[in-house]
Amino acid sequence: MMDTVETRADPSLRTVVVASAAGTAFEWYDFFVFGSLATVIARHFFADAGETVAYILALLTFGLGFVVRPLGALVFGWFGDRTGRKTTFLVTITLMGVATVAIGLLPDYGQIGLAAPILLLIMRVLQGFALGGEYGGAAIYVAEHSPPKKRGLLTGWIQTTAAFGLIGALSVILITRQIVGVEAFDEWGWRIPFLLSALLLIVSLWIRLKLNESPAYQRMEAEGGERRAPYKEAFFRWGNGRFVLIALFGIMIAQGAVWYCGYFYTRFFMERVLKVDVNTVDQLVLMVTVASAGLYVFFGWLSDRVGRKPVMLFGMILALVAFFPGFHALTKAANPALAEAQVSAPVTVVADPATCALQFDPIGKAAFSSSCDIAKSVLSNAGVSYGNAEAAPGSIAMVRVGGIEIASVEGAGMDVNTLKAARTGVETRIKAALAEAGYPAKADPARINMPLVFGILMIFMLAATALYGPQAAALVELFPTRVRYTAMSLPYNIGTGWVGGLLPAASFALVAWSGNIYFGLWYSVAFTVIAAVVALIWLPETKGRDLDAIGT
């Protein structure tokens, strides 16, 4: 598809696409390095929390970068509409690069204690703040340079930068781990992918400094007129405000649910629940990302032919059809022994419901010491689905594995060391019973059906790219030039930031609460259903709109 851009677009347009895409790919690289190393980061920066809580805290830290993205969208969107596109995304890329390099230099919990996770959170906030202003600027910059009939195709290259960023992140992680060894990588080598951002930042800035301001913005500046008030015009004038709501609820919440489930939750599910070796997971995700990279541009091109709306709706509907069957099939393909054990020896937690908590603790201070909580945390860490049965009030929780029963312990009132020992004892007994019943401690590499796993993951990628490919063009075409940066950046970053960024942590917490390893998928299903209904009823078709005439 890149040949099409090179042969049919004039050189200045080609430079615009390459420069915008390269810079955005770098920012996605920075963001994905953190997401891909969540397990390692959990051990270094949340060492004082339990295994389950530490992992959820690492996912929440990853999600925090997304949570602050709408704030970045508001701030940089305002500057982009008031002072220009080029200057704004030069600032965003610099801020992102500096914050990423800083993460690679941070001392961990063992060196400076509580200050380590606090500094990590600050760097994640800066990353999210910068990325909140990046995407809108790059997408608008390319769209405002593009001919109407090729807008979907050319902005599709901005969409594919997410894949390029992930490819770069995973490649660097895999190569670094291979060179320094697994133990050294877990100890200090994880810092290298973050530090490499310094070189990428220099290259990206050099490329972007070659750009000029976009034609649409230059025309608007030349025409002059009343002073622009991006917030007031974008959000408090119904003509624009209603499209902000449609963009959010008809496109972006599905984007957050479908794309981040396909890219991130599948990874966490294979690594944490199915216990597939992390190197194998990285290789699978890398292969799928490479194979699907061209689909963003293809679906952008297709939307130039048939329209933005039908292509994006296809992605939503495919995801809804594939979520539950796909993850069940993924279990059978990646860890067949686990799937077999769940059928032959189902697990049940028999406990007083009043003693069972939702094990979701953002600050990492809850002990979760009841007999029910201890039993459920052990099973969640083992990646085992379980049912729940009610026991008499005040009774000690029990885990039933097939025909074997294991009593938990009541940890309330125990000191830290005694509670830790008691929890370890319960874990040892439950794991012994699981092993006897055929539950594997890890996925057997010899039994992994790699082609089938790859095919299942590609179905999720097909849905994600169909939704994401035409998205930049669709968002740009909804809003007038005066408020375009502000108006499209906010719904984009709420959808990807709040819905998508919190998806791994929220889904994992839902699994830990319910006992069903597939229960977390309801998070993605709910948001996708809402978006599909809103898009079907209220989202207009925008293909080929004159960007200078919108809102006049």
# chains A, B, ... in the order shown; residues from 1 in each chain; ligands from 1
$ select_by_dssp --residues "stretch 312-390 of chain A" --states "helix (DSSP H, G or I)" --output "PyMOL selection string"
chain A and resi 312-334+336-344+353-355+371-381
$ write_last_selection --atoms "C-alpha atoms" --output "PDB file, in the first residue's frame"
ATOM      1  CA  MET A 312     -16.417   0.557  11.168  1.00  0.00           C
ATOM      2  CA  LEU A 313     -19.721  -1.202  11.903  1.00  0.00           C
ATOM      3  CA  PHE A 314     -18.300  -4.369  10.371  1.00  0.00           C
ATOM      4  CA  GLY A 315     -15.415  -4.206  12.861  1.00  0.00           C
ATOM      5  CA  MET A 316     -17.761  -3.767  15.829  1.00  0.00           C
ATOM      6  CA  ILE A 317     -20.083  -6.608  14.814  1.00  0.00           C
ATOM      7  CA  LEU A 318     -17.213  -8.998  14.068  1.00  0.00           C
ATOM      8  CA  ALA A 319     -15.746  -8.295  17.523  1.00  0.00           C
ATOM      9  CA  LEU A 320     -19.069  -8.968  19.246  1.00  0.00           C
ATOM     10  CA  VAL A 321     -19.442 -12.271  17.418  1.00  0.00           C
ATOM     11  CA  ALA A 322     -15.838 -13.306  18.166  1.00  0.00           C
ATOM     12  CA  PHE A 323     -15.230 -12.282  21.795  1.00  0.00           C
ATOM     13  CA  PHE A 324     -16.485 -15.293  23.777  1.00  0.00           C
ATOM     14  CA  PRO A 325     -16.018 -18.084  21.192  1.00  0.00           C
ATOM     15  CA  GLY A 326     -12.584 -16.698  20.350  1.00  0.00           C
ATOM     16  CA  PHE A 327     -11.279 -16.689  23.929  1.00  0.00           C
ATOM     17  CA  HIS A 328     -12.689 -20.173  24.610  1.00  0.00           C
ATOM     18  CA  ALA A 329     -10.942 -21.395  21.458  1.00  0.00           C
ATOM     19  CA  LEU A 330      -7.761 -19.590  22.540  1.00  0.00           C
ATOM     20  CA  THR A 331      -7.712 -21.594  25.791  1.00  0.00           C
ATOM     21  CA  LYS A 332      -8.081 -24.898  23.938  1.00  0.00           C
ATOM     22  CA  ALA A 333      -5.388 -23.970  21.421  1.00  0.00           C
ATOM     23  CA  ALA A 334      -2.814 -22.417  23.774  1.00  0.00           C
ATOM     24  CA  PRO A 336      -5.361 -27.641  26.057  1.00  0.00           C
ATOM     25  CA  ALA A 337      -4.474 -29.298  29.378  1.00  0.00           C
ATOM     26  CA  LEU A 338      -6.148 -26.428  31.232  1.00  0.00           C
ATOM     27  CA  ALA A 339      -9.266 -26.693  29.067  1.00  0.00           C
ATOM     28  CA  GLU A 340      -9.413 -30.464  29.670  1.00  0.00           C
ATOM     29  CA  ALA A 341      -8.948 -30.108  33.439  1.00  0.00           C
ATOM     30  CA  GLN A 342     -11.713 -27.523  33.699  1.00  0.00           C
ATOM     31  CA  VAL A 343     -14.112 -30.075  32.193  1.00  0.00           C
ATOM     32  CA  SER A 344     -12.926 -33.173  34.080  1.00  0.00           C
ATOM     33  CA  PRO A 353     -20.485 -14.641  50.592  1.00  0.00           C
ATOM     34  CA  ALA A 354     -20.197 -11.967  53.277  1.00  0.00           C
ATOM     35  CA  THR A 355     -16.481 -12.775  53.649  1.00  0.00           C
ATOM     36  CA  SER A 371     -10.489 -17.356  54.133  1.00  0.00           C
ATOM     37  CA  CYS A 372     -12.568 -16.678  50.999  1.00  0.00           C
ATOM     38  CA  ASP A 373     -10.228 -13.961  49.729  1.00  0.00           C
ATOM     39  CA  ILE A 374      -7.147 -16.125  50.283  1.00  0.00           C
ATOM     40  CA  ALA A 375      -8.682 -19.046  48.394  1.00  0.00           C
ATOM     41  CA  LYS A 376      -9.852 -16.907  45.486  1.00  0.00           C
ATOM     42  CA  SER A 377      -6.546 -15.055  45.127  1.00  0.00           C
ATOM     43  CA  VAL A 378      -4.667 -18.365  44.905  1.00  0.00           C
ATOM     44  CA  LEU A 379      -7.011 -19.623  42.187  1.00  0.00           C
ATOM     45  CA  SER A 380      -6.868 -16.320  40.263  1.00  0.00           C
ATOM     46  CA  ASN A 381      -3.073 -16.404  40.270  1.00  0.00           C
TER      47      ASN A 381
END
$ residues_around --residues "stretch 540-542 of chain A" --least-positions-apart "2" --cutoff "10 Å" --atoms "only C-alpha atoms" --output "PyMOL selection string"
chain A and resi 243+246+303-304+306-310+473-478+535-538+544-546
$ residues_around --residues "stretch 57-65 of chain A" --least-positions-apart "4" --cutoff "10 Å" --atoms "only C-alpha atoms" --output "PyMOL selection string"
chain A and resi 31-32+34-46+49+51-53+69+117+120-132+268+360-364+497-506+508
$ write_last_selection --atoms "N, CA and C atoms" --output "short mmCIF file (atom, residue, chain, number, x, y, z; two decimals), in the first residue's frame"
data_model
loop_
_atom_site.label_atom_id
_atom_site.label_comp_id
_atom_site.auth_asym_id
_atom_site.auth_seq_id
_atom_site.Cartn_x
_atom_site.Cartn_y
_atom_site.Cartn_z
N PHE A 31 4.71 4.14 24.55
CA PHE A 31 3.58 3.72 25.36
C PHE A 31 3.52 2.20 25.48
N PHE A 32 3.81 1.49 24.39
CA PHE A 32 3.67 0.04 24.38
C PHE A 32 4.80 -0.67 25.10
N PHE A 34 5.93 0.11 27.94
CA PHE A 34 5.45 -0.01 29.32
C PHE A 34 4.40 -1.11 29.43
N GLY A 35 3.43 -1.13 28.52
CA GLY A 35 2.37 -2.14 28.58
C GLY A 35 2.92 -3.55 28.43
N SER A 36 3.92 -3.72 27.59
CA SER A 36 4.49 -5.04 27.35
C SER A 36 5.34 -5.52 28.52
N LEU A 37 5.80 -4.61 29.35
CA LEU A 37 6.66 -4.97 30.49
C LEU A 37 5.93 -4.85 31.83
N ALA A 38 4.60 -4.91 31.80
CA ALA A 38 3.82 -4.72 33.01
C ALA A 38 4.19 -5.72 34.10
N THR A 39 4.43 -6.97 33.73
CA THR A 39 4.76 -8.00 34.72
C THR A 39 6.08 -7.69 35.41
N VAL A 40 7.10 -7.30 34.63
CA VAL A 40 8.42 -6.97 35.21
C VAL A 40 8.32 -5.71 36.07
N ILE A 41 7.61 -4.72 35.58
CA ILE A 41 7.46 -3.46 36.32
C ILE A 41 6.75 -3.69 37.64
N ALA A 42 5.77 -4.61 37.65
CA ALA A 42 5.05 -4.92 38.89
C ALA A 42 6.02 -5.38 39.97
N ARG A 43 6.99 -6.20 39.59
CA ARG A 43 7.95 -6.73 40.58
C ARG A 43 8.91 -5.65 41.08
N HIS A 44 9.26 -4.69 40.23
CA HIS A 44 10.25 -3.68 40.61
C HIS A 44 9.65 -2.50 41.38
N PHE A 45 8.42 -2.13 41.05
CA PHE A 45 7.88 -0.90 41.62
C PHE A 45 6.74 -1.13 42.62
N PHE A 46 6.21 -2.35 42.68
CA PHE A 46 5.13 -2.65 43.63
C PHE A 46 5.47 -3.90 44.41
N ALA A 49 3.41 -5.26 47.56
CA ALA A 49 2.03 -5.76 47.44
C ALA A 49 2.07 -7.25 47.10
N GLU A 51 1.05 -10.68 44.90
CA GLU A 51 1.24 -10.91 43.47
C GLU A 51 0.06 -10.39 42.65
N THR A 52 -1.16 -10.74 43.07
CA THR A 52 -2.34 -10.30 42.31
C THR A 52 -2.48 -8.79 42.36
N VAL A 53 -2.34 -8.21 43.57
CA VAL A 53 -2.50 -6.76 43.73
C VAL A 53 -1.40 -6.02 42.97
N ARG A 69 -5.11 11.22 29.32
CA ARG A 69 -5.06 11.65 27.93
C ARG A 69 -6.12 12.69 27.55
N PRO A 117 7.27 4.03 43.07
CA PRO A 117 6.01 4.01 42.33
C PRO A 117 5.41 5.40 42.13
N LEU A 120 7.16 6.80 39.16
CA LEU A 120 6.67 6.08 37.99
C LEU A 120 5.31 6.61 37.55
N LEU A 121 4.43 6.85 38.51
CA LEU A 121 3.11 7.39 38.20
C LEU A 121 3.21 8.76 37.55
N ILE A 122 4.13 9.59 38.02
CA ILE A 122 4.31 10.93 37.45
C ILE A 122 4.75 10.83 35.99
N MET A 123 5.67 9.92 35.71
CA MET A 123 6.15 9.76 34.33
C MET A 123 5.03 9.25 33.43
N ARG A 124 4.20 8.35 33.96
CA ARG A 124 3.07 7.85 33.17
C ARG A 124 2.06 8.95 32.90
N VAL A 125 1.86 9.84 33.86
CA VAL A 125 0.96 10.98 33.66
C VAL A 125 1.49 11.87 32.54
N LEU A 126 2.78 12.13 32.54
CA LEU A 126 3.37 12.97 31.49
C LEU A 126 3.27 12.29 30.12
N GLN A 127 3.48 10.97 30.07
CA GLN A 127 3.34 10.25 28.81
C GLN A 127 1.92 10.37 28.28
N GLY A 128 0.94 10.11 29.15
CA GLY A 128 -0.45 10.17 28.73
C GLY A 128 -0.87 11.57 28.31
N PHE A 129 -0.38 12.56 29.05
CA PHE A 129 -0.69 13.96 28.75
C PHE A 129 -0.19 14.31 27.36
N ALA A 130 1.03 13.86 27.03
CA ALA A 130 1.61 14.15 25.71
C ALA A 130 0.86 13.41 24.60
N LEU A 131 0.57 12.13 24.83
CA LEU A 131 -0.09 11.35 23.80
C LEU A 131 -1.51 11.84 23.54
N GLY A 132 -2.12 12.47 24.55
CA GLY A 132 -3.45 13.04 24.37
C GLY A 132 -3.49 14.10 23.29
N PHE A 268 -2.42 -10.33 27.99
CA PHE A 268 -2.51 -10.60 29.43
C PHE A 268 -3.17 -11.95 29.69
N PHE A 360 -9.99 -5.60 44.35
CA PHE A 360 -9.55 -4.52 43.48
C PHE A 360 -9.15 -3.36 44.38
N ASP A 361 -7.85 -3.16 44.54
CA ASP A 361 -7.34 -2.19 45.52
C ASP A 361 -6.32 -1.27 44.85
N PRO A 362 -6.76 -0.12 44.31
CA PRO A 362 -5.85 0.76 43.56
C PRO A 362 -4.66 1.27 44.36
N ILE A 363 -4.77 1.35 45.69
CA ILE A 363 -3.65 1.89 46.47
C ILE A 363 -2.82 0.78 47.12
N GLY A 364 -3.23 -0.46 46.96
CA GLY A 364 -2.43 -1.58 47.40
C GLY A 364 -2.31 -1.75 48.90
N GLY A 497 -8.49 6.29 26.09
CA GLY A 497 -7.86 6.47 27.39
C GLY A 497 -8.63 5.83 28.52
N TRP A 498 -9.89 6.16 28.65
CA TRP A 498 -10.66 5.66 29.78
C TRP A 498 -11.20 4.25 29.53
N VAL A 499 -11.80 4.03 28.38
CA VAL A 499 -12.36 2.70 28.09
C VAL A 499 -11.24 1.70 27.76
N GLY A 500 -10.34 2.07 26.86
CA GLY A 500 -9.28 1.16 26.46
C GLY A 500 -8.18 1.02 27.48
N GLY A 501 -7.71 2.14 28.03
CA GLY A 501 -6.59 2.09 28.96
C GLY A 501 -6.88 1.33 30.23
N LEU A 502 -8.13 1.41 30.70
CA LEU A 502 -8.49 0.71 31.93
C LEU A 502 -8.98 -0.71 31.68
N LEU A 503 -9.10 -1.10 30.41
CA LEU A 503 -9.64 -2.43 30.09
C LEU A 503 -8.84 -3.58 30.72
N PRO A 504 -7.51 -3.63 30.60
CA PRO A 504 -6.80 -4.78 31.19
C PRO A 504 -7.02 -4.90 32.70
N ALA A 505 -6.88 -3.79 33.43
CA ALA A 505 -7.03 -3.85 34.88
C ALA A 505 -8.46 -4.19 35.28
N ALA A 506 -9.45 -3.55 34.63
CA ALA A 506 -10.84 -3.80 34.97
C ALA A 506 -11.25 -5.23 34.63
N PHE A 508 -9.28 -7.88 34.37
CA PHE A 508 -8.60 -8.81 35.27
C PHE A 508 -9.26 -8.81 36.64
#
$ residues_around --residues "A:Leu419" --least-positions-apart "6" --cutoff "10 Å" --atoms "only C-alpha atoms" --output "number ranges by chain"
A: 367, 369, 374, 409-413, 425
$ write_last_selection --atoms "C-alpha atoms" --output "PDB file, in the first residue's frame"
ATOM      1  CA  ALA A 367      -5.000  -7.178  53.155  1.00  0.00           C
ATOM      2  CA  SER A 369      -7.160 -11.795  54.571  1.00  0.00           C
ATOM      3  CA  ILE A 374      -7.147 -16.125  50.283  1.00  0.00           C
ATOM      4  CA  VAL A 409      -7.537 -20.357  56.595  1.00  0.00           C
ATOM      5  CA  GLU A 410      -8.974 -17.275  58.254  1.00  0.00           C
ATOM      6  CA  GLY A 411      -6.264 -14.613  58.209  1.00  0.00           C
ATOM      7  CA  ALA A 412      -8.118 -11.772  59.915  1.00  0.00           C
ATOM      8  CA  GLY A 413      -6.113 -10.555  62.917  1.00  0.00           C
ATOM      9  CA  GLY A 425       0.327 -23.017  53.093  1.00  0.00           C
TER      10      GLY A 425
END
$ closest_residue --among "A:Ala464, A:Leu13, A:Val399, A:Ile456" --to "A:Ala143" --atoms "only C-alpha atoms"
A:Leu13
$ closest_residue --among "A:Asp548, A:Met414, A:Thr15, A:Glu187" --to "A:Arg482" --atoms "only C-alpha atoms"
A:Asp548
$ closest_atom_pairs --of "stretch 389-474 of chain A" --to "stretch 253-261 of chain A" --cutoff "9 Å" --atoms "only C-alpha atoms" --output "Markdown table"
| residue | atom | partner | partner_atom | distance |
| --- | --- | --- | --- | --- |
| A:Phe460 | CA | A:Val258 | CA | 7.8 |
| A:Met461 | CA | A:Trp259 | CA | 7.7 |
| A:Ala463 | CA | A:Val258 | CA | 7.3 |
| A:Ala464 | CA | A:Trp259 | CA | 4.8 |
| A:Thr465 | CA | A:Trp259 | CA | 7.8 |
| A:Leu467 | CA | A:Gln255 | CA | 6.7 |
| A:Tyr468 | CA | A:Gln255 | CA | 6.8 |
| A:Gln471 | CA | A:Gln255 | CA | 8.9 |
$ closest_residue --among "A:Gly113, A:Gly156, A:Gly383, A:Gly495" --to "A:Ala21" --atoms "only C-alpha atoms"
A:Gly156
